[in-house]
Amino acid sequence: MRRFWIVALLCSGAIALHAQPLQYELGDPPHNYWKRTPSDRFAKFRADLEAGRVVLDATSEKTYLVSLLRALGISAATQTLVFSTTSLQLSLISPRNPRAIYFNEDVYIGFIPGGKIEVVSVDPDLGGVFYLFDIPRGGGVPRIERATRCMNCHAGEETGRVPGVLIKSVVPGPSGGSLESFRQELMGHAVPLAERFGGWHVTGAGSFTNHWGNLIGRSTPPGMVKIPIQPGTQFSYARYPVATSDLLAHLLHEHQAGFVNRAVEATYRTRGYLDADKGQLSAAHAADLDKQAHALTRYILFADEVSLPSGGVAGDVELKADFLKSRRATHAGASLKDLDLRTRIFKYRCSYMIYSAAFQGLPPEMKQRVWRRLAEALDTAKPVAEYTYLPALEKQAIRQILRETLTDLPKGW
């Protein structure tokens with residue numbers, strides 16, 4: 001195992017990416033992160049933009065952003081606003097100038113008024129590919145660079161040491177700098193809600209206040225004092241496409257980040273083992289991939305999802321409508337994107353991210369393991385104890401949705 005080694009770091013198996021994360025030499029064979037030509041969705045869009053096949057509206061920052069989101073098929077209603085200085089452009093971020101995040105299943109856009117556009121686009125082989133560019137003043141084609149500095153945070157312990165999606169929760173001071181942090185190395189729908197949203201604005205939460213959003217801290221001799229700040233009071237929503245940082249958008253973003261990082265880590269781990277074993281997995285490596293597939297299957301089926309706040313989540317109307325536009329439905333009308341929002345996010349607890357580039361790009365040696373475990377988990381004739389939280393009818397519905405909306409299921413699945 002010349003190219004990677006075990007890191008002495010034990011994490012919670014239910015939430016963390018893996019019991020023993022590996023350290024990857026991303027730039028070296030077999031991964032070759034910097035040498036491979038990316039085939040992510042934004043790379044293809046970039047080619048169209050630079051060739052003039054796509055023209056964006058550069059009348060203003062806002063119109064440019066809106067046209068960019070529209071061209072990439074990203075709903076502006078996915079907007080979440082973060083005012084902690086936990087980003088590459090930290091000098092521009094503050095409670096008076098929050099950074100906005102927008103996303104679909106494969107592309108994440110960061111926008112700061114007065115700053116550069118940030119992009120994380122998920123490549124099926126490489127994981128997150130990072131881009132940075134200025135909004136061209138007066139039109140023209142932007143000069144897009146593939147960012148390297150993003151890897152300092154986006155390929156660290158919190159993402160499983162692979163290029164992924166990062167969400168932080170901190171208590172920011174009055175200027176946005178972090179005074180305290182939470183949920184370190186944890187990502188996904190199992191993170192307790194009470195540890196989320198620090199440094200972020202949250203709207204549409206109703207009476208749910210047991211979280212760290214919408215506040216700043218101030219250090220005093222007796223201890224830290226928490227100061228509430230209401231969204232839109234220290235900045236103008238007019239600089240952004242929508243006037244929300246909706247709780248549902250936060251929940252979807254968190255779920256996707258956890259999924260992407262687990263799937264990308266599974267890809268890197270499988271590729272590394274296959275290279276080390278000359279294409280024939282050793283018994284130890286095969287057993288480790290079985291564990292990885294088990295963890296990913298549990299995540300796909302929301303095994304450790306935390307309950308929603310009492311009374312459920314309303315969800316922004318525009319966000320829900322846009323989210324459901326891309327649903328893949330059975331002949332009977334059921335879809336993995338169907339929302340519940342009473343005690344859990346989805347009606348059918350199987351992640352729609354199974355259609356994403358991160359999952360579709362899994363090596364066959366990993367994907368077949370996941371399919372096998374999913375089949376076992378959804379078997380109503382021989383129930384697996386750890387999936388008894390899924391009623392038989394829900395298991396049957398999930399299985400039917402997958403059969404009707406996927407084309408690469410194993411024969412007989």
# chains A, B, ... in the order shown; residues from 1 in each chain; ligands from 1
>>> residues_around(residues="region 88-95 of chain A", least_positions_apart="2", cutoff="6 Å", atoms="only C-alpha atoms", output="JSON, numbers by chain")
{"A": [83, 85, 97, 98, 175, 176]}
>>> write_last_selection(atoms="N, CA and C atoms", output="JSON list (two decimals), in the first residue's frame")
[["chain", "number", "residue", "atom", "x", "y", "z"],
["A", 83, "PHE", "N", -22.68, 33.63, 7.16],
["A", 83, "PHE", "CA", -21.97, 34.88, 7.44],
["A", 83, "PHE", "C", -20.72, 34.66, 8.27],
["A", 85, "THR", "N", -16.77, 33.48, 8.57],
["A", 85, "THR", "CA", -15.66, 33.60, 7.63],
["A", 85, "THR", "C", -14.99, 32.24, 7.42],
["A", 97, "ASN", "N", -22.57, 41.04, 4.93],
["A", 97, "ASN", "CA", -22.37, 40.62, 3.54],
["A", 97, "ASN", "C", -22.25, 39.09, 3.47],
["A", 98, "PRO", "N", -23.37, 38.39, 3.70],
["A", 98, "PRO", "CA", -23.31, 36.93, 3.75],
["A", 98, "PRO", "C", -22.94, 36.33, 2.39],
["A", 175, "SER", "N", -17.58, 40.17, 13.67],
["A", 175, "SER", "CA", -17.03, 40.37, 12.32],
["A", 175, "SER", "C", -17.08, 39.11, 11.48],
["A", 176, "GLY", "N", -17.57, 38.00, 12.04],
["A", 176, "GLY", "CA", -17.70, 36.76, 11.29],
["A", 176, "GLY", "C", -16.68, 35.70, 11.65]]
>>> select_by_dssp(residues="region 145-183 of chain A", states="strand (DSSP E)", output="list in words")
Glu145, Arg146, Ser169, Val170, Val171, Pro172, Ser178, Leu179, Glu180, Ser181 and Phe182 of chain A
>>> residues_around(residues="Ala375 (chain A)", least_positions_apart="2", cutoff="12 Å", atoms="only C-alpha atoms", output="compact mmCIF listing (two decimals) with N, CA and C atoms, in the first residue's frame")
# COMPACT_ATOMS: atom_id res chain seq x y z
N HIS A 294 -21.59 -1.21 3.33
CA HIS A 294 -22.59 -1.27 4.39
C HIS A 294 -22.90 0.12 4.92
N THR A 297 -24.81 2.10 2.30
CA THR A 297 -26.19 1.62 2.20
C THR A 297 -27.03 2.18 3.33
N LEU A 301 -30.32 4.72 2.89
CA LEU A 301 -31.65 4.38 3.43
C LEU A 301 -31.98 5.16 4.71
N GLN A 368 -21.68 -2.81 -7.02
CA GLN A 368 -22.33 -4.11 -6.89
C GLN A 368 -22.51 -4.50 -5.43
N ARG A 369 -21.55 -4.13 -4.62
CA ARG A 369 -21.70 -4.40 -3.18
C ARG A 369 -22.87 -3.62 -2.60
N VAL A 370 -23.04 -2.38 -3.01
CA VAL A 370 -24.15 -1.56 -2.51
C VAL A 370 -25.48 -2.13 -3.00
N TRP A 371 -25.54 -2.49 -4.29
CA TRP A 371 -26.79 -3.06 -4.80
C TRP A 371 -27.17 -4.31 -4.01
N ARG A 372 -26.18 -5.15 -3.72
CA ARG A 372 -26.47 -6.38 -2.99
C ARG A 372 -27.00 -6.07 -1.59
N ARG A 373 -26.38 -5.12 -0.93
CA ARG A 373 -26.84 -4.77 0.42
C ARG A 373 -28.20 -4.07 0.39
N ALA A 377 -31.47 -5.26 2.36
CA ALA A 377 -32.15 -4.34 3.27
C ALA A 377 -33.62 -4.18 2.94
N LEU A 378 -33.96 -4.28 1.66
CA LEU A 378 -35.35 -4.07 1.21
C LEU A 378 -36.13 -5.37 1.05
N ASP A 379 -35.54 -6.48 1.44
CA ASP A 379 -36.18 -7.79 1.33
C ASP A 379 -37.23 -7.93 2.44
N THR A 380 -38.48 -8.02 2.06
CA THR A 380 -39.55 -8.15 3.07
C THR A 380 -39.75 -9.59 3.52
N ALA A 381 -39.27 -10.54 2.74
CA ALA A 381 -39.41 -11.95 3.11
C ALA A 381 -38.41 -12.35 4.18
N LYS A 382 -37.20 -11.76 4.13
CA LYS A 382 -36.16 -12.03 5.11
C LYS A 382 -35.67 -10.70 5.69
N PRO A 383 -36.44 -10.09 6.58
CA PRO A 383 -36.09 -8.76 7.09
C PRO A 383 -34.73 -8.74 7.81
N VAL A 384 -33.94 -7.71 7.51
CA VAL A 384 -32.67 -7.50 8.20
C VAL A 384 -32.96 -6.61 9.42
N TYR A 387 -32.79 -2.74 9.58
CA TYR A 387 -33.66 -1.94 8.71
C TYR A 387 -35.14 -2.14 9.03
N LYS A 395 -40.60 -0.45 2.02
CA LYS A 395 -39.55 -1.21 1.34
C LYS A 395 -39.99 -1.59 -0.07
N GLN A 396 -41.20 -2.07 -0.19
CA GLN A 396 -41.72 -2.47 -1.50
C GLN A 396 -41.81 -1.29 -2.45
N ILE A 398 -39.99 1.50 -2.33
CA ILE A 398 -38.64 1.91 -2.70
C ILE A 398 -38.09 1.00 -3.78
N ARG A 399 -38.27 -0.28 -3.59
CA ARG A 399 -37.75 -1.24 -4.57
C ARG A 399 -38.39 -1.02 -5.94
N GLN A 400 -39.68 -0.75 -5.96
CA GLN A 400 -40.36 -0.52 -7.23
C GLN A 400 -39.88 0.77 -7.89
N LEU A 402 -36.91 2.13 -7.61
CA LEU A 402 -35.59 1.88 -8.16
C LEU A 402 -35.68 1.04 -9.44
N ARG A 403 -36.53 0.07 -9.46
CA ARG A 403 -36.68 -0.77 -10.65
C ARG A 403 -37.16 0.02 -11.86
N LEU A 409 -29.53 -1.64 -12.68
CA LEU A 409 -29.69 -2.58 -11.59
C LEU A 409 -29.20 -3.96 -12.03
N PRO A 410 -28.64 -4.73 -11.10
CA PRO A 410 -28.19 -6.08 -11.46
C PRO A 410 -29.37 -6.94 -11.93
N LYS A 411 -29.07 -7.89 -12.78
CA LYS A 411 -30.10 -8.78 -13.31
C LYS A 411 -30.80 -9.51 -12.16
N GLY A 412 -32.13 -9.51 -12.19
CA GLY A 412 -32.89 -10.17 -11.16
C GLY A 412 -33.13 -9.34 -9.92
N TRP A 413 -32.56 -8.11 -9.89
CA TRP A 413 -32.72 -7.26 -8.71
C TRP A 413 -34.17 -6.83 -8.56
>>> closest_residue(among="A:Pro163, A:Gly52, A:Pro172, A:Gly272", to="Trp200 (chain A)", atoms="only C-alpha atoms")
A:Pro172
>>> closest_residue(among="A:Leu374, A:Leu390, A:Ala71, A:Val242", to="Asp48 (chain A)", atoms="only C-alpha atoms")
A:Ala71
>>> select_by_dssp(residues="region 237-341 of chain A", states="alpha helix (DSSP H)", output="PyMOL selection string")
chain A and resi 247-276+283-300+317-324
>>> closest_residue(among="A:Phe302, A:Leu248, A:Glu50, A:Leu26", to="Leu339 (chain A)", atoms="only C-alpha atoms")
A:Leu248
>>> residues_around(residues="Gly198 (chain A)", least_positions_apart="6", cutoff="9 Å", atoms="only C-alpha atoms", output="list of chain:residue names")
A:Val82, A:Ser84, A:Lys168, A:Ser169, A:Val170, A:Val171, A:Pro172, A:Ser181, A:Phe182, A:His211, A:Trp212, A:Gly213, A:Asn214, A:Leu215, A:Ile216
>>> write_last_selection(atoms="N, CA and C atoms", output="PDB file, in the first residue's frame")
ATOM      1  N   VAL A  82     -24.593  32.165   4.610  1.00  0.00           N
ATOM      2  CA  VAL A  82     -23.637  31.937   5.684  1.00  0.00           C
ATOM      3  C   VAL A  82     -22.818  33.210   5.894  1.00  0.00           C
ATOM      4  N   SER A  84     -20.362  33.410   8.554  1.00  0.00           N
ATOM      5  CA  SER A  84     -19.083  33.137   9.216  1.00  0.00           C
ATOM      6  C   SER A  84     -17.975  33.142   8.171  1.00  0.00           C
ATOM      7  N   LYS A 168     -19.715  23.769   7.629  1.00  0.00           N
ATOM      8  CA  LYS A 168     -19.235  24.027   8.980  1.00  0.00           C
ATOM      9  C   LYS A 168     -20.333  24.661   9.828  1.00  0.00           C
ATOM     10  N   SER A 169     -20.234  24.460  11.124  1.00  0.00           N
ATOM     11  CA  SER A 169     -21.152  25.088  12.072  1.00  0.00           C
ATOM     12  C   SER A 169     -20.312  25.698  13.185  1.00  0.00           C
ATOM     13  N   VAL A 170     -20.313  27.023  13.262  1.00  0.00           N
ATOM     14  CA  VAL A 170     -19.484  27.732  14.234  1.00  0.00           C
ATOM     15  C   VAL A 170     -20.302  28.855  14.874  1.00  0.00           C
ATOM     16  N   VAL A 171     -19.816  29.345  15.993  1.00  0.00           N
ATOM     17  CA  VAL A 171     -20.358  30.580  16.554  1.00  0.00           C
ATOM     18  C   VAL A 171     -19.436  31.703  16.099  1.00  0.00           C
ATOM     19  N   PRO A 172     -19.907  32.572  15.195  1.00  0.00           N
ATOM     20  CA  PRO A 172     -19.050  33.656  14.716  1.00  0.00           C
ATOM     21  C   PRO A 172     -19.107  34.860  15.645  1.00  0.00           C
ATOM     22  N   SER A 181     -16.703  26.068  17.540  1.00  0.00           N
ATOM     23  CA  SER A 181     -17.159  25.244  16.424  1.00  0.00           C
ATOM     24  C   SER A 181     -17.806  23.969  16.928  1.00  0.00           C
ATOM     25  N   PHE A 182     -18.645  23.381  16.070  1.00  0.00           N
ATOM     26  CA  PHE A 182     -19.403  22.179  16.418  1.00  0.00           C
ATOM     27  C   PHE A 182     -19.245  21.134  15.319  1.00  0.00           C
ATOM     28  N   HIS A 211     -31.044  25.568  17.791  1.00  0.00           N
ATOM     29  CA  HIS A 211     -29.930  25.429  16.862  1.00  0.00           C
ATOM     30  C   HIS A 211     -29.055  26.671  16.996  1.00  0.00           C
ATOM     31  N   TRP A 212     -27.942  26.711  16.243  1.00  0.00           N
ATOM     32  CA  TRP A 212     -26.974  27.787  16.372  1.00  0.00           C
ATOM     33  C   TRP A 212     -27.084  28.834  15.272  1.00  0.00           C
ATOM     34  N   GLY A 213     -28.112  28.755  14.469  1.00  0.00           N
ATOM     35  CA  GLY A 213     -28.275  29.737  13.404  1.00  0.00           C
ATOM     36  C   GLY A 213     -28.761  31.078  13.912  1.00  0.00           C
ATOM     37  N   ASN A 214     -28.607  32.106  13.082  1.00  0.00           N
ATOM     38  CA  ASN A 214     -29.145  33.441  13.368  1.00  0.00           C
ATOM     39  C   ASN A 214     -28.601  34.060  14.648  1.00  0.00           C
ATOM     40  N   LEU A 215     -27.324  33.832  14.938  1.00  0.00           N
ATOM     41  CA  LEU A 215     -26.749  34.492  16.109  1.00  0.00           C
ATOM     42  C   LEU A 215     -25.246  34.659  15.938  1.00  0.00           C
ATOM     43  N   ILE A 216     -24.721  35.623  16.657  1.00  0.00           N
ATOM     44  CA  ILE A 216     -23.281  35.828  16.759  1.00  0.00           C
ATOM     45  C   ILE A 216     -22.909  35.753  18.226  1.00  0.00           C
TER      46      ILE A 216
END
>>> atom_distance(atom1="CA of Leu247 (chain A)", atom2="CA of Ala334 (chain A)")
24.2 Å
>>> residues_around(residues="Asp322 (chain A)", least_positions_apart="2", cutoff="12 Å", atoms="only C-alpha atoms", output="ChimeraX atom specification")
/A:70,73-78,103-104,249,315-320,324-327,337
>>> closest_residue(among="A:Ile135, A:Val225, A:Val202, A:Val120", to="Pro174 (chain A)", atoms="only C-alpha atoms")
A:Val225
>>> closest_residue(among="A:Glu394, A:Asp40, A:Glu386, A:Asp134", to="Ala303 (chain A)", atoms="only C-alpha atoms")
A:Glu386
>>> closest_residue(among="A:Tyr273, A:Phe346, A:Tyr268, A:Phe259", to="Phe359 (chain A)", atoms="only C-alpha atoms")
A:Phe259
>>> residues_around(residues="Arg146 (chain A)", least_positions_apart="6", cutoff="12 Å", atoms="only C-alpha atoms", output="PyMOL selection string")
chain A and resi 33-34+37-38+42-43+46+117-121+128-133
>>> write_last_selection(atoms="N, CA and C atoms", output="compact mmCIF listing (two decimals), in the first residue's frame")
# COMPACT_ATOMS: atom_id res chain seq x y z
N TYR A 33 -5.47 13.14 -9.48
CA TYR A 33 -6.50 14.18 -9.41
C TYR A 33 -6.21 15.37 -10.32
N TRP A 34 -4.95 15.79 -10.40
CA TRP A 34 -4.63 16.99 -11.18
C TRP A 34 -4.32 16.68 -12.64
N THR A 37 -8.51 14.80 -17.00
CA THR A 37 -9.37 15.86 -17.53
C THR A 37 -10.75 15.70 -16.91
N PRO A 38 -11.22 16.70 -16.17
CA PRO A 38 -12.52 16.56 -15.49
C PRO A 38 -13.67 16.38 -16.50
N PHE A 42 -19.98 21.02 -14.56
CA PHE A 42 -19.56 22.40 -14.80
C PHE A 42 -18.47 22.46 -15.85
N ALA A 43 -17.61 21.46 -15.93
CA ALA A 43 -16.57 21.45 -16.97
C ALA A 43 -17.20 21.48 -18.35
N ARG A 46 -18.64 24.94 -18.83
CA ARG A 46 -17.55 25.89 -19.07
C ARG A 46 -17.15 25.88 -20.55
N ILE A 117 -17.25 34.17 -8.10
CA ILE A 117 -18.14 33.02 -8.10
C ILE A 117 -17.31 31.79 -7.76
N GLU A 118 -17.80 30.99 -6.83
CA GLU A 118 -17.14 29.75 -6.43
C GLU A 118 -17.99 28.56 -6.92
N VAL A 119 -17.33 27.52 -7.37
CA VAL A 119 -18.05 26.34 -7.88
C VAL A 119 -17.41 25.07 -7.33
N VAL A 120 -18.25 24.18 -6.83
CA VAL A 120 -17.85 22.80 -6.56
C VAL A 120 -18.72 21.94 -7.46
N SER A 121 -18.09 21.22 -8.37
CA SER A 121 -18.82 20.37 -9.31
C SER A 121 -18.31 18.95 -9.14
N GLY A 128 -15.12 16.20 -5.91
CA GLY A 128 -15.31 17.64 -6.10
C GLY A 128 -14.20 18.26 -6.93
N VAL A 129 -14.59 19.01 -7.95
CA VAL A 129 -13.66 19.81 -8.74
C VAL A 129 -14.02 21.26 -8.49
N PHE A 130 -13.03 22.11 -8.21
CA PHE A 130 -13.28 23.45 -7.71
C PHE A 130 -12.86 24.50 -8.74
N TYR A 131 -13.78 25.47 -8.94
CA TYR A 131 -13.55 26.53 -9.93
C TYR A 131 -13.79 27.87 -9.25
N LEU A 132 -13.13 28.90 -9.79
CA LEU A 132 -13.24 30.25 -9.25
C LEU A 132 -13.14 31.24 -10.40
N PHE A 133 -14.03 32.25 -10.40
CA PHE A 133 -13.93 33.26 -11.46
C PHE A 133 -14.65 34.54 -11.06
>>> decode(residues="region 39-50 of chain A", atoms="N, CA and C atoms", output="CSV table (one decimal), in the first residue's frame")
chain,number,residue,atom,x,y,z
A,39,SER,N,-14.6,15.6,-16.1
A,39,SER,CA,-15.8,15.4,-16.9
A,39,SER,C,-17.1,15.8,-16.1
A,40,ASP,N,-16.9,16.6,-15.1
A,40,ASP,CA,-18.0,17.0,-14.3
A,40,ASP,C,-18.9,18.0,-15.1
A,41,ARG,N,-20.1,18.2,-14.5
A,41,ARG,CA,-21.1,19.0,-15.2
A,41,ARG,C,-20.7,20.4,-15.5
A,42,PHE,N,-20.0,21.0,-14.6
A,42,PHE,CA,-19.6,22.4,-14.8
A,42,PHE,C,-18.5,22.5,-15.9
A,43,ALA,N,-17.6,21.5,-15.9
A,43,ALA,CA,-16.6,21.4,-17.0
A,43,ALA,C,-17.2,21.5,-18.4
A,44,LYS,N,-18.3,20.8,-18.5
A,44,LYS,CA,-19.0,20.8,-19.8
A,44,LYS,C,-19.7,22.1,-20.1
A,45,PHE,N,-20.2,22.7,-19.0
A,45,PHE,CA,-20.9,24.0,-19.1
A,45,PHE,C,-19.8,25.0,-19.5
A,46,ARG,N,-18.6,24.9,-18.8
A,46,ARG,CA,-17.6,25.9,-19.1
A,46,ARG,C,-17.2,25.9,-20.5
A,47,ALA,N,-17.1,24.7,-21.1
A,47,ALA,CA,-16.7,24.6,-22.5
A,47,ALA,C,-17.8,25.3,-23.4
A,48,ASP,N,-19.0,25.2,-23.1
A,48,ASP,CA,-20.1,25.9,-23.8
A,48,ASP,C,-20.0,27.4,-23.6
A,49,LEU,N,-19.7,27.8,-22.4
A,49,LEU,CA,-19.6,29.2,-22.1
A,49,LEU,C,-18.4,29.9,-22.9
A,50,GLU,N,-17.3,29.2,-22.8
A,50,GLU,CA,-16.1,29.8,-23.5
A,50,GLU,C,-16.2,29.7,-25.0
